[in-house]
Amino acid sequence: MGIKALTACVPQDIVYNKDLGYLIPEEEIEKTINNIGIEQRRIAAPDVTASDLCFKAAQQLFADNNIEPDSIDVLLFMSQTADYRIPATSCLLQHRLGLPRETLCFDITLGCSGYLFALSAAFAYASMEGVNRVLLLDGETFSKIVNRRDKVDWPLYGDAGTATLIEKGEYGDSTFILNTDGSGEDTLKIHAGMRNPITAESCVEREREDGNIRTDLEVYMDGMDVFNFAISKVPKSVKQLLKETERSVEDLDYLVFHQANRFMMDFFVKKLKVSPDKVPYCIHKFGNTSSASVPLTISSELSGRLAGDNLVLMSGFGAGLSWGSAIMNMRDCNVSPVIEY
Amino acid sequence: MSIDQFIENFTDLFDETDPDTINETTSFKDLEEWSSLLALSVIAMIDEEYDVEFRGEDIRNSNTVEDLYNIVKSRVE
């Protein structure tokens, strides 16, 4: 099995980091933008959710590839910004996309590493008898869970929805390495949930560390710990995957990283001694879109560049802590350019 | 590892600060150029040069360049 087609959809509203003067001293804005590499981000309107963005991406995928909704056997929705707490958003998407009632649907929730983990589930289902096509919808709207006066998180995050079609067929081998370390649960967290029940107090904005403002319903990130985690785990994970598949970095056509921030990705490029032209970036346009960032980068930067056989390595890492990489042959993958909602 | 080399590696991370003003007793968080992004450069430098994992709390618990050096030294050995 392999990836037959991929699409992505971003909101049309643009937020520019040069306008963050209310949050960051004017003289530091340019330096911050250069370091994180994010000039602008797309932000969903209040009434637009991750599933809306994914719905539009899926419709585009069906249209661009002449896919009949009836041919989808499994629908996976990967997100941490679901429409409702109950029911699972994948069920709503099954109905909305006109997929048959025989479709197996469920949600997957994980941080920025989520696409790799969800893709491994999609590949596993596609390898089963009776399953031919799996539709993986990965979308996030972090703009709804990040406080605009949190100077660690707000300059980073953008919104996006993506659709990936996985299908049985002669695509070549694919190998995944997926890791978890729950001892790092506090590194990236939203406090409120069942452990800390939501009350009226949870919704109150409070001043936190270093003057950052947020409620208990919004994301906290220890930027230094995330950075330390990523630089110590991600290059090792990539090297391990190359070793186990008996490949070298030179064999790769593309290496698609989760778009966390430019500084971090530049560090990976240097550490892995990979040629920068094999590492696509779309972070300057879209920011960090959490788990949607790997497929968004493929749509934004590799559309029209995946004809024939291409050896592609993908790597994601984030809350959990959770990190994973996959190496696969992509054969004539039809990647549509990014569309707007 | 030597503290002089560590100070040199540390000083190299700064663009606008006069290298001669940084020594082992410097309270680095008081330097005008110090920022959260520079903290990430310190973590990256320590990973690259010393292969040591450096956490946010290590930076938070350190005041002087020597404090940073001592943490790295304790993990190298």
# chains A, B, ... in the order shown; residues from 1 in each chain; ligands from 1
>>> interface_residues(of="chain A", to="chain B", cutoff="9 Å", atoms="only C-alpha atoms", output="list in words")
Thr32, Asn35, Ile36, Val152, Asp222, Gly223, Met224, Asp225, Val226, Phe227, Asn228, Phe229, Ile231, Ser232, Phe263, Met264, Phe267 and Lys271 of chain A
>>> write_last_selection(atoms="N, CA and C atoms", output="compact mmCIF listing (two decimals), in the first residue's frame")
# COMPACT_ATOMS: atom_id res chain seq x y z
N THR A 32 12.87 37.93 15.89
CA THR A 32 12.02 36.77 16.22
C THR A 32 11.53 36.10 14.94
N ASN A 35 14.29 34.13 13.32
CA ASN A 35 14.63 32.91 14.06
C ASN A 35 13.58 31.81 13.89
N ILE A 36 12.31 32.17 14.10
CA ILE A 36 11.27 31.13 14.01
C ILE A 36 10.89 30.91 12.55
N VAL A 152 5.00 32.92 23.78
CA VAL A 152 5.70 31.69 23.38
C VAL A 152 4.94 31.00 22.24
N ASP A 222 6.54 24.58 27.29
CA ASP A 222 7.88 24.95 27.76
C ASP A 222 8.80 24.87 26.54
N GLY A 223 9.02 26.02 25.92
CA GLY A 223 9.74 26.07 24.65
C GLY A 223 11.12 25.45 24.73
N MET A 224 11.82 25.70 25.83
CA MET A 224 13.19 25.18 25.95
C MET A 224 13.19 23.66 26.07
N ASP A 225 12.23 23.11 26.83
CA ASP A 225 12.18 21.65 26.98
C ASP A 225 11.76 20.97 25.68
N VAL A 226 10.83 21.59 24.95
CA VAL A 226 10.43 21.02 23.66
C VAL A 226 11.62 21.01 22.71
N PHE A 227 12.36 22.10 22.72
CA PHE A 227 13.53 22.21 21.85
C PHE A 227 14.56 21.13 22.20
N ASN A 228 14.85 21.01 23.50
CA ASN A 228 15.81 20.00 23.95
C ASN A 228 15.35 18.60 23.55
N PHE A 229 14.05 18.34 23.76
CA PHE A 229 13.47 17.04 23.38
C PHE A 229 13.65 16.78 21.89
N ILE A 231 15.68 18.19 19.56
CA ILE A 231 17.03 18.05 18.99
C ILE A 231 17.73 16.79 19.48
N SER A 232 17.31 16.28 20.65
CA SER A 232 17.96 15.06 21.12
C SER A 232 17.32 13.80 20.55
N PHE A 263 14.37 27.64 13.12
CA PHE A 263 15.61 27.44 13.85
C PHE A 263 15.84 25.95 14.14
N MET A 264 14.75 25.28 14.55
CA MET A 264 14.85 23.86 14.89
C MET A 264 15.11 23.02 13.63
N PHE A 267 18.54 23.24 12.44
CA PHE A 267 19.41 22.42 13.29
C PHE A 267 19.41 20.97 12.82
N LYS A 271 22.57 18.87 11.54
CA LYS A 271 22.94 17.68 12.31
C LYS A 271 22.94 16.42 11.44
>>> select_by_dssp(residues="range 73-283 of chain A", states="alpha helix (DSSP H)", output="PyMOL selection string")
chain A and resi 89-96+114-126+223-244+262-272+283
>>> residues_around(residues="Phe6 in chain B", least_positions_apart="2", cutoff="12 Å", atoms="only C-alpha atoms", output="list of chain:residue names")
B:Met1, B:Ser2, B:Ile3, B:Asp4, B:Glu8, B:Asn9, B:Phe10, B:Thr11, B:Asp12, B:Leu13, B:Ile22, B:Asn23, B:Glu24, B:Val42, B:Met45, B:Ile46, B:Glu49, B:Tyr50, B:Val65, B:Glu66, B:Asp67, B:Leu68, B:Tyr69, B:Asn70, B:Ile71, B:Val72, B:Lys73
>>> closest_residue(among="A:Thr175, A:Gln40, A:Thr49, A:Thr187", to="Thr141 in chain A", atoms="only C-alpha atoms")
A:Thr49
>>> atom_distance(atom1="CA of Arg148 in chain A", atom2="CA of Ala260 in chain A")
18.2 Å
>>> atom_distance(atom1="CA of Glu39 in chain A", atom2="CA of Pro337 in chain A")
20.1 Å
